[in-house]
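J.: Next up, entry-v4.pdb (PDB, C-alpha atoms).
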ATOM      1  CA  MET A   1       0.000   0.000   0.000  1.00  0.00           C
ATOM      2  CA  PHE A   2       2.801   2.408   0.915  1.00  0.00           C
ATOM      3  CA  ALA A   3       4.498   1.564  -2.399  1.00  0.00           C
ATOM      4  CA  ILE A   4       1.325   2.655  -4.246  1.00  0.00           C
ATOM      5  CA  LEU A   5       1.225   5.922  -2.294  1.00  0.00           C
ATOM      6  CA  GLN A   6       4.872   6.533  -3.146  1.00  0.00           C
ATOM      7  CA  ALA A   7       4.244   5.765  -6.819  1.00  0.00           C
ATOM      8  CA  ALA A   8       1.239   8.128  -6.857  1.00  0.00           C
ATOM      9  CA  GLY A   9       3.364  11.061  -5.664  1.00  0.00           C
ATOM     10  CA  TRP A  10       2.574  13.892  -3.240  1.00  0.00           C
ATOM     11  CA  PRO A  11      -0.859  14.850  -4.740  1.00  0.00           C
ATOM     12  CA  ILE A  12      -2.286  11.559  -3.428  1.00  0.00           C
ATOM     13  CA  TRP A  13      -2.028  12.779   0.187  1.00  0.00           C
ATOM     14  CA  PHE A  14      -4.807  15.318  -0.431  1.00  0.00           C
ATOM     15  CA  LEU A  15      -7.001  12.533  -1.810  1.00  0.00           C
ATOM     16  CA  LEU A  16      -6.127  10.285   1.125  1.00  0.00           C
ATOM     17  CA  LEU A  17      -7.178  13.018   3.557  1.00  0.00           C
ATOM     18  CA  ALA A  18     -10.426  13.548   1.614  1.00  0.00           C
ATOM     19  CA  SER A  19     -11.158   9.798   1.708  1.00  0.00           C
ATOM     20  CA  ILE A  20     -10.646   9.658   5.505  1.00  0.00           C
ATOM     21  CA  VAL A  21     -12.963  12.651   6.033  1.00  0.00           C
ATOM     22  CA  ALA A  22     -15.601  11.180   3.670  1.00  0.00           C
ATOM     23  CA  LEU A  23     -15.485   7.767   5.363  1.00  0.00           C
ATOM     24  CA  THR A  24     -15.794   9.349   8.810  1.00  0.00           C
ATOM     25  CA  LEU A  25     -18.811  11.427   7.733  1.00  0.00           C
ATOM     26  CA  ILE A  26     -20.494   8.435   6.065  1.00  0.00           C
ATOM     27  CA  ILE A  27     -20.137   6.287   9.204  1.00  0.00           C
ATOM     28  CA  GLU A  28     -21.335   9.133  11.464  1.00  0.00           C
ATOM     29  CA  ARG A  29     -24.418   9.827   9.300  1.00  0.00           C
ATOM     30  CA  LEU A  30     -25.228   6.084   8.982  1.00  0.00           C
ATOM     31  CA  LEU A  31     -25.251   5.808  12.775  1.00  0.00           C
ATOM     32  CA  TYR A  32     -27.190   9.050  13.334  1.00  0.00           C
ATOM     33  CA  LEU A  33     -29.782   8.943  10.536  1.00  0.00           C
ATOM     34  CA  ARG A  34     -31.635   5.849  11.709  1.00  0.00           C
ATOM     35  CA  ARG A  35     -35.416   6.065  11.495  1.00  0.00           C
ATOM     36  CA  PRO A  36     -36.188   4.858  15.065  1.00  0.00           C
ATOM     37  CA  ARG A  37     -33.766   7.463  16.397  1.00  0.00           C
ATOM     38  CA  ILE A  38     -35.173  10.358  14.339  1.00  0.00           C
ATOM     39  CA  LEU A  39     -38.879   9.385  14.308  1.00  0.00           C
ATOM     40  CA  PRO A  40     -39.659   7.051  17.239  1.00  0.00           C
ATOM     41  CA  PRO A  41     -42.740   5.106  16.030  1.00  0.00           C
ATOM     42  CA  SER A  42     -45.002   5.559  19.071  1.00  0.00           C
ATOM     43  CA  LEU A  43     -43.892   9.047  20.131  1.00  0.00           C
ATOM     44  CA  LEU A  44     -46.778  10.991  18.559  1.00  0.00           C
ATOM     45  CA  GLN A  45     -49.374   8.740  20.217  1.00  0.00           C
ATOM     46  CA  GLU A  46     -47.635   9.160  23.590  1.00  0.00           C
ATOM     47  CA  VAL A  47     -47.634  12.965  23.204  1.00  0.00           C
ATOM     48  CA  ILE A  48     -51.328  12.958  22.235  1.00  0.00           C
ATOM     49  CA  ARG A  49     -52.081  10.775  25.284  1.00  0.00           C
ATOM     50  CA  VAL A  50     -50.154  13.156  27.589  1.00  0.00           C
ATOM     51  CA  TYR A  51     -52.048  16.134  26.128  1.00  0.00           C
ATOM     52  CA  GLN A  52     -55.459  14.455  26.441  1.00  0.00           C
ATOM     53  CA  ASN A  53     -54.744  13.407  30.037  1.00  0.00           C
ATOM     54  CA  GLY A  54     -53.682  16.968  30.890  1.00  0.00           C
ATOM     55  CA  LYS A  55     -50.301  15.808  32.241  1.00  0.00           C
ATOM     56  CA  ILE A  56     -48.251  18.533  30.536  1.00  0.00           C
ATOM     57  CA  SER A  57     -45.436  19.769  32.778  1.00  0.00           C
ATOM     58  CA  ALA A  58     -42.047  21.425  32.303  1.00  0.00           C
ATOM     59  CA  GLU A  59     -40.389  18.100  33.139  1.00  0.00           C
ATOM     60  CA  VAL A  60     -42.424  16.215  30.500  1.00  0.00           C
ATOM     61  CA  ILE A  61     -41.661  18.867  27.853  1.00  0.00           C
ATOM     62  CA  ASP A  62     -37.943  18.836  28.730  1.00  0.00           C
ATOM     63  CA  LYS A  63     -37.839  15.026  28.492  1.00  0.00           C
ATOM     64  CA  LEU A  64     -39.625  15.180  25.132  1.00  0.00           C
ATOM     65  CA  GLN A  65     -37.211  17.876  23.917  1.00  0.00           C
ATOM     66  CA  HIS A  66     -34.241  15.552  24.474  1.00  0.00           C
ATOM     67  CA  ASN A  67     -35.984  12.416  23.187  1.00  0.00           C
ATOM     68  CA  SER A  68     -35.354  12.785  19.441  1.00  0.00           C
ATOM     69  CA  PRO A  69     -35.568  15.321  16.572  1.00  0.00           C
ATOM     70  CA  LEU A  70     -39.320  14.596  16.313  1.00  0.00           C
ATOM     71  CA  GLY A  71     -39.533  15.085  20.078  1.00  0.00           C
ATOM     72  CA  ARG A  72     -38.031  18.578  19.740  1.00  0.00           C
ATOM     73  CA  VAL A  73     -40.685  19.523  17.174  1.00  0.00           C
ATOM     74  CA  LEU A  74     -43.560  18.130  19.232  1.00  0.00           C
ATOM     75  CA  ALA A  75     -42.171  19.733  22.420  1.00  0.00           C
ATOM     76  CA  ALA A  76     -42.381  23.140  20.699  1.00  0.00           C
ATOM     77  CA  GLY A  77     -46.060  22.432  19.972  1.00  0.00           C
ATOM     78  CA  LEU A  78     -46.713  21.193  23.509  1.00  0.00           C
ATOM     79  CA  ARG A  79     -45.203  24.398  24.967  1.00  0.00           C
ATOM     80  CA  ASN A  80     -47.718  26.442  22.960  1.00  0.00           C
ATOM     81  CA  VAL A  81     -50.687  24.101  23.354  1.00  0.00           C
ATOM     82  CA  ASP A  82     -52.849  26.862  24.863  1.00  0.00           C
ATOM     83  CA  SER A  83     -51.936  29.366  22.147  1.00  0.00           C
ATOM     84  CA  PRO A  84     -53.960  29.986  18.967  1.00  0.00           C
ATOM     85  CA  ARG A  85     -53.471  27.545  16.100  1.00  0.00           C
ATOM     86  CA  GLU A  86     -51.227  29.900  14.088  1.00  0.00           C
ATOM     87  CA  VAL A  87     -48.896  30.557  17.036  1.00  0.00           C
ATOM     88  CA  MET A  88     -48.614  26.827  17.697  1.00  0.00           C
ATOM     89  CA  LYS A  89     -47.863  26.126  14.022  1.00  0.00           C
ATOM     90  CA  GLU A  90     -45.228  28.876  13.914  1.00  0.00           C
ATOM     91  CA  SER A  91     -43.440  27.493  16.976  1.00  0.00           C
ATOM     92  CA  ILE A  92     -43.461  24.005  15.428  1.00  0.00           C
ATOM     93  CA  GLU A  93     -42.138  25.365  12.109  1.00  0.00           C
ATOM     94  CA  GLU A  94     -39.292  27.184  13.896  1.00  0.00           C
ATOM     95  CA  ALA A  95     -38.338  24.017  15.783  1.00  0.00           C
ATOM     96  CA  GLY A  96     -38.655  22.024  12.546  1.00  0.00           C
ATOM     97  CA  SER A  97     -36.327  24.392  10.729  1.00  0.00           C
ATOM     98  CA  GLY A  98     -33.629  23.967  13.387  1.00  0.00           C
ATOM     99  CA  THR A  99     -34.134  20.198  13.411  1.00  0.00           C
ATOM    100  CA  ALA A 100     -33.867  20.007   9.601  1.00  0.00           C
ATOM    101  CA  HIS A 101     -30.580  21.925   9.777  1.00  0.00           C
ATOM    102  CA  GLU A 102     -29.259  19.405  12.309  1.00  0.00           C
ATOM    103  CA  LEU A 103     -30.324  16.441  10.147  1.00  0.00           C
ATOM    104  CA  GLU A 104     -28.484  17.980   7.166  1.00  0.00           C
ATOM    105  CA  ARG A 105     -25.273  18.465   9.183  1.00  0.00           C
ATOM    106  CA  PHE A 106     -22.100  17.352   7.328  1.00  0.00           C
ATOM    107  CA  LEU A 107     -24.001  16.634   4.089  1.00  0.00           C
ATOM    108  CA  THR A 108     -22.571  19.751   2.437  1.00  0.00           C
ATOM    109  CA  THR A 109     -19.039  18.579   3.306  1.00  0.00           C
ATOM    110  CA  LEU A 110     -19.738  15.117   1.896  1.00  0.00           C
ATOM    111  CA  GLY A 111     -21.198  16.631  -1.292  1.00  0.00           C
ATOM    112  CA  THR A 112     -18.164  18.899  -1.617  1.00  0.00           C
ATOM    113  CA  ILE A 113     -15.793  15.916  -1.349  1.00  0.00           C
ATOM    114  CA  ALA A 114     -17.822  14.043  -3.991  1.00  0.00           C
ATOM    115  CA  THR A 115     -17.477  17.028  -6.333  1.00  0.00           C
ATOM    116  CA  LEU A 116     -13.891  17.904  -5.466  1.00  0.00           C
ATOM    117  CA  ALA A 117     -12.291  14.416  -5.489  1.00  0.00           C
ATOM    118  CA  PRO A 118     -12.272  14.040  -9.328  1.00  0.00           C
ATOM    119  CA  LEU A 119     -10.793  17.551  -9.615  1.00  0.00           C
ATOM    120  CA  MET A 120      -8.089  16.632  -7.093  1.00  0.00           C
ATOM    121  CA  GLY A 121      -7.437  13.494  -9.147  1.00  0.00           C
ATOM    122  CA  LEU A 122      -7.218  15.660 -12.265  1.00  0.00           C
ATOM    123  CA  PHE A 123      -4.746  17.909 -10.476  1.00  0.00           C
ATOM    124  CA  GLY A 124      -2.602  14.830  -9.741  1.00  0.00           C
ATOM    125  CA  THR A 125      -2.884  13.865 -13.410  1.00  0.00           C
ATOM    126  CA  VAL A 126      -1.598  17.293 -14.452  1.00  0.00           C
ATOM    127  CA  VAL A 127       1.315  16.963 -11.988  1.00  0.00           C
ATOM    128  CA  GLY A 128       2.089  13.534 -13.510  1.00  0.00           C
ATOM    129  CA  MET A 129       1.997  14.975 -17.044  1.00  0.00           C
ATOM    130  CA  ILE A 130       4.394  17.736 -15.990  1.00  0.00           C
ATOM    131  CA  GLU A 131       6.769  15.061 -14.652  1.00  0.00           C
ATOM    132  CA  ILE A 132       6.448  13.127 -17.943  1.00  0.00           C
ATOM    133  CA  PHE A 133       7.424  16.192 -19.950  1.00  0.00           C
ATOM    134  CA  GLY A 134      10.148  16.929 -17.387  1.00  0.00           C
ATOM    135  CA  SER A 135      11.669  13.510 -18.114  1.00  0.00           C
ATOM    136  CA  GLN A 136      12.574  14.714 -21.626  1.00  0.00           C
ATOM    137  CA  ASN A 137      16.098  16.081 -21.973  1.00  0.00           C
ATOM    138  CA  ALA A 138      18.706  16.599 -24.662  1.00  0.00           C
ATOM    139  CA  THR A 139      19.973  13.018 -24.434  1.00  0.00           C
ATOM    140  CA  GLY A 140      16.474  11.492 -24.656  1.00  0.00           C
ATOM    141  CA  THR A 141      13.892  10.280 -22.188  1.00  0.00           C
ATOM    142  CA  ASN A 142      14.673   9.083 -18.660  1.00  0.00           C
ATOM    143  CA  PRO A 143      12.597   5.852 -18.375  1.00  0.00           C
ATOM    144  CA  ALA A 144      12.414   6.002 -14.547  1.00  0.00           C
ATOM    145  CA  LEU A 145      11.072   9.576 -14.560  1.00  0.00           C
ATOM    146  CA  LEU A 146       8.674   8.724 -17.393  1.00  0.00           C
ATOM    147  CA  ALA A 147       7.291   5.712 -15.487  1.00  0.00           C
ATOM    148  CA  HIS A 148       6.938   7.766 -12.309  1.00  0.00           C
ATOM    149  CA  GLY A 149       5.075  10.523 -14.170  1.00  0.00           C
ATOM    150  CA  ILE A 150       2.651   7.970 -15.664  1.00  0.00           C
ATOM    151  CA  SER A 151       2.119   6.416 -12.207  1.00  0.00           C
ATOM    152  CA  VAL A 152       1.316   9.813 -10.670  1.00  0.00           C
ATOM    153  CA  ALA A 153      -1.116  10.622 -13.483  1.00  0.00           C
ATOM    154  CA  LEU A 154      -3.010   7.312 -13.422  1.00  0.00           C
ATOM    155  CA  TYR A 155      -3.072   6.631  -9.677  1.00  0.00           C
ATOM    156  CA  ASN A 156      -4.410  10.098  -8.857  1.00  0.00           C
ATOM    157  CA  THR A 157      -7.131   9.858 -11.510  1.00  0.00           C
ATOM    158  CA  GLY A 158      -8.142   6.417 -10.224  1.00  0.00           C
ATOM    159  CA  PHE A 159      -8.111   7.442  -6.559  1.00  0.00           C
ATOM    160  CA  GLY A 160     -10.099  10.593  -7.299  1.00  0.00           C
ATOM    161  CA  LEU A 161     -12.850   8.616  -9.040  1.00  0.00           C
ATOM    162  CA  ALA A 162     -12.791   5.857  -6.391  1.00  0.00           C
ATOM    163  CA  ILE A 163     -13.432   8.452  -3.664  1.00  0.00           C
ATOM    164  CA  ALA A 164     -15.993  10.504  -5.601  1.00  0.00           C
ATOM    165  CA  MET A 165     -18.325   7.643  -6.595  1.00  0.00           C
ATOM    166  CA  PRO A 166     -19.205   6.265  -3.119  1.00  0.00           C
ATOM    167  CA  ALA A 167     -19.207   9.780  -1.633  1.00  0.00           C
ATOM    168  CA  LEU A 168     -21.761  10.892  -4.233  1.00  0.00           C
ATOM    169  CA  VAL A 169     -23.919   7.777  -3.730  1.00  0.00           C
ATOM    170  CA  PHE A 170     -24.016   8.282   0.050  1.00  0.00           C
ATOM    171  CA  TYR A 171     -24.598  12.024  -0.298  1.00  0.00           C
ATOM    172  CA  ARG A 172     -27.657  11.394  -2.501  1.00  0.00           C
ATOM    173  CA  HIS A 173     -28.863   8.636  -0.164  1.00  0.00           C
ATOM    174  CA  PHE A 174     -28.578  10.820   2.939  1.00  0.00           C
ATOM    175  CA  ARG A 175     -30.243  13.763   1.176  1.00  0.00           C
ATOM    176  CA  ALA A 176     -33.243  11.601   0.222  1.00  0.00           C
ATOM    177  CA  LEU A 177     -33.357  10.147   3.744  1.00  0.00           C
ATOM    178  CA  VAL A 178     -33.362  13.582   5.387  1.00  0.00           C
ATOM    179  CA  ASP A 179     -36.022  14.888   2.983  1.00  0.00           C
ATOM    180  CA  GLY A 180     -38.215  11.891   3.847  1.00  0.00           C
ATOM    181  CA  PHE A 181     -37.715  12.437   7.587  1.00  0.00           C
ATOM    182  CA  ILE A 182     -38.652  16.118   7.281  1.00  0.00           C
ATOM    183  CA  VAL A 183     -41.868  15.297   5.373  1.00  0.00           C
ATOM    184  CA  ASP A 184     -42.856  12.664   7.968  1.00  0.00           C
ATOM    185  CA  MET A 185     -42.051  15.075  10.795  1.00  0.00           C
ATOM    186  CA  GLU A 186     -44.203  17.798   9.222  1.00  0.00           C
ATOM    187  CA  GLN A 187     -47.114  15.374   8.777  1.00  0.00           C
ATOM    188  CA  GLN A 188     -46.962  14.224  12.407  1.00  0.00           C
ATOM    189  CA  ALA A 189     -46.678  17.805  13.676  1.00  0.00           C
ATOM    190  CA  VAL A 190     -49.705  18.898  11.587  1.00  0.00           C
ATOM    191  CA  LYS A 191     -51.687  15.916  12.899  1.00  0.00           C
ATOM    192  CA  PHE A 192     -50.854  16.970  16.473  1.00  0.00           C
ATOM    193  CA  VAL A 193     -51.914  20.575  15.807  1.00  0.00           C
ATOM    194  CA  ASP A 194     -55.195  19.354  14.253  1.00  0.00           C
ATOM    195  CA  ILE A 195     -55.938  17.158  17.261  1.00  0.00           C
ATOM    196  CA  VAL A 196     -55.196  19.984  19.719  1.00  0.00           C
ATOM    197  CA  HIS A 197     -57.440  22.405  17.831  1.00  0.00           C
ATOM    198  CA  GLY A 198     -60.258  19.912  17.241  1.00  0.00           C
ATOM    199  CA  ALA A 199     -59.857  19.507  13.483  1.00  0.00           C
ATOM    200  CA  ARG A 200     -59.044  15.809  13.803  1.00  0.00           C
ATOM    201  CA  ARG A 201     -59.695  12.943  16.207  1.00  0.00           C
TER
END
Take the structure from the file and write it as structure tokens.
T.:
Amino acid sequence: MFAILQAAGWPIWFLLLASIVALTLIIERLLYLRRPRILPPSLLQEVIRVYQNGKISAEVIDKLQHNSPLGRVLAAGLRNVDSPREVMKESIEEAGSGTAHELERFLTTLGTIATLAPLMGLFGTVVGMIEIFGSQNATGTNPALLAHGISVALYNTGFGLAIAMPALVFYRHFRALVDGFIVDMEQQAVKFVDIVHGARR
């Protein structure tokens, strides 16, 4: 492995760093963006039951706030349960906006790596081409320098594409996942508001 890194030249270290960052972000998002953790299946029913039983307290709201992202949204509604419908909806939308931002955390970085990795590979290719042309001299071509230049060019291109493809796949996957979570969260929050204000049973 170290021999490959040596053959690929110094531009490969930027790609190696990008691959480590991308892998770390992918693992972190895979662990965090799990449906039961974001949208606990029975949470809405529990909140409705608490509301209907009149057991709303600061302790219950605080516990709900720290339960999950959906819990934060529903806690905002529960805090404003005695307010008019529009005020309650606004508080839920504000909490939802903050929660959506948290769910999207690190996705921009992952998308940037997916876009940048082929360009970094291309940069390594250019460096390799410069070394190839640098191997030409008055007496002819130095085979060792020529081989090294070709290695730099090809390895960097390959590494750049190898990093970009999975990074792009996971970026798209996480984006779709987050969008789905946000839609589900909005639907559950609207259902809660409707139940509180008598529009739904």
J.: What box, with edges along x, y and z, holds each listed atom of stretch 162-173 of chain A when 5 Å is added on every side, and can you state its centre and edge lengths in Å to one decimal, as lines of an AutoDock Vina configuration file?
T.:
center_x = -20.8
center_y = 8.9
center_z = -3.3
size_x = 26.1
size_y = 16.2
size_z = 16.6
J.: Would you mind telling me which residue in A:Gly180, A:Gly98, A:Gly158, A:Gly77 lies nearest to A:Asp194 when using only C-alpha atoms?
T.: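 Once distances to A:Asp194 are computed over only C-alpha atoms, the minimum belongs to A:Gly77.
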J.: Excluding A:Leu154 and any residue of its chain fewer than 6 positions from it, enumerate the residues within 9 Å of it, using all atoms listed in the file, and give them as a tab-separated table (two decimals) with C-alpha atoms, keeping the file's coordinate frame.
T.:
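What follows is the written file around-v5.tsv:
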chain	number	residue	atom	x	y	z
A	8	ALA	CA	1.24	8.13	-6.86
A	121	GLY	CA	-7.44	13.49	-9.15
A	124	GLY	CA	-2.60	14.83	-9.74
A	125	THR	CA	-2.88	13.86	-13.41
A	128	GLY	CA	2.09	13.53	-13.51
J.: Could you work out how far atom CA of A:Phe181 lies from atom CA of A:Asn53, giving the answer in Å with one decimal?
T.: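 That distance, rounded to one decimal, is 28.2 Å.
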J.: Determine the residue set returned by the PyMOL selection byres ((chain A and resi 109) around 12) for the present structure, and present it as a VMD selection string.
T.: chain A and resid 18 to 19 21 to 26 29 104 to 108 110 to 117 167 to 168 170 to 171
J.: Restricting it to C-alpha atoms, dump the selection as an mmCIF file, in the coordinates of the input.
T.:
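Ended up saving to selection_39.cif:
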data_model
loop_
_atom_site.group_PDB
_atom_site.id
_atom_site.type_symbol
_atom_site.label_atom_id
_atom_site.label_comp_id
_atom_site.auth_asym_id
_atom_site.auth_seq_id
_atom_site.Cartn_x
_atom_site.Cartn_y
_atom_site.Cartn_z
ATOM 1 C CA ALA A 18 -10.426 13.548 1.614
ATOM 2 C CA SER A 19 -11.158 9.798 1.708
ATOM 3 C CA VAL A 21 -12.963 12.651 6.033
ATOM 4 C CA ALA A 22 -15.601 11.180 3.670
ATOM 5 C CA LEU A 23 -15.485 7.767 5.363
ATOM 6 C CA THR A 24 -15.794 9.349 8.810
ATOM 7 C CA LEU A 25 -18.811 11.427 7.733
ATOM 8 C CA ILE A 26 -20.494 8.435 6.065
ATOM 9 C CA ARG A 29 -24.418 9.827 9.300
ATOM 10 C CA GLU A 104 -28.484 17.980 7.166
ATOM 11 C CA ARG A 105 -25.273 18.465 9.183
ATOM 12 C CA PHE A 106 -22.100 17.352 7.328
ATOM 13 C CA LEU A 107 -24.001 16.634 4.089
ATOM 14 C CA THR A 108 -22.571 19.751 2.437
ATOM 15 C CA LEU A 110 -19.738 15.117 1.896
ATOM 16 C CA GLY A 111 -21.198 16.631 -1.292
ATOM 17 C CA THR A 112 -18.164 18.899 -1.617
ATOM 18 C CA ILE A 113 -15.793 15.916 -1.349
ATOM 19 C CA ALA A 114 -17.822 14.043 -3.991
ATOM 20 C CA THR A 115 -17.477 17.028 -6.333
ATOM 21 C CA LEU A 116 -13.891 17.904 -5.466
ATOM 22 C CA ALA A 117 -12.291 14.416 -5.489
ATOM 23 C CA ALA A 167 -19.207 9.780 -1.633
ATOM 24 C CA LEU A 168 -21.761 10.892 -4.233
ATOM 25 C CA PHE A 170 -24.016 8.282 0.050
ATOM 26 C CA TYR A 171 -24.598 12.024 -0.298
#
J.: Kindly give the distance, in Å, that separates atom CA of A:Leu30 and atom CA of A:Tyr155, rounded to a single decimal.
T.: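 The value is 29.0 Å.
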J.: Given the choices A:Ile20, A:Ile92, A:Ala100, A:Val50, which gets closest to A:Leu177 if the distance is worked out from only C-alpha atoms?
T.: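 Using only C-alpha atoms, the shortest distance to A:Leu177 belongs to A:Ala100.
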J.: Please report the interatomic distance between atom CA of A:Val73 and atom CA of A:Pro41 in Å with one decimal.
T.: 14.6 Å
J.: Go through A:Glu186, A:Pro143, A:Pro69, A:Asn156 and flag the residue nearest A:Leu39, using all atoms listed in the file for the distances.
T.: A:Pro69
J.: Please determine, counting only C-alpha atoms, which residue among A:Ala58, A:Val196, A:Val183, A:Leu33 has the shortest atom-to-atom distance to A:Asp82.
T.: A:Val196
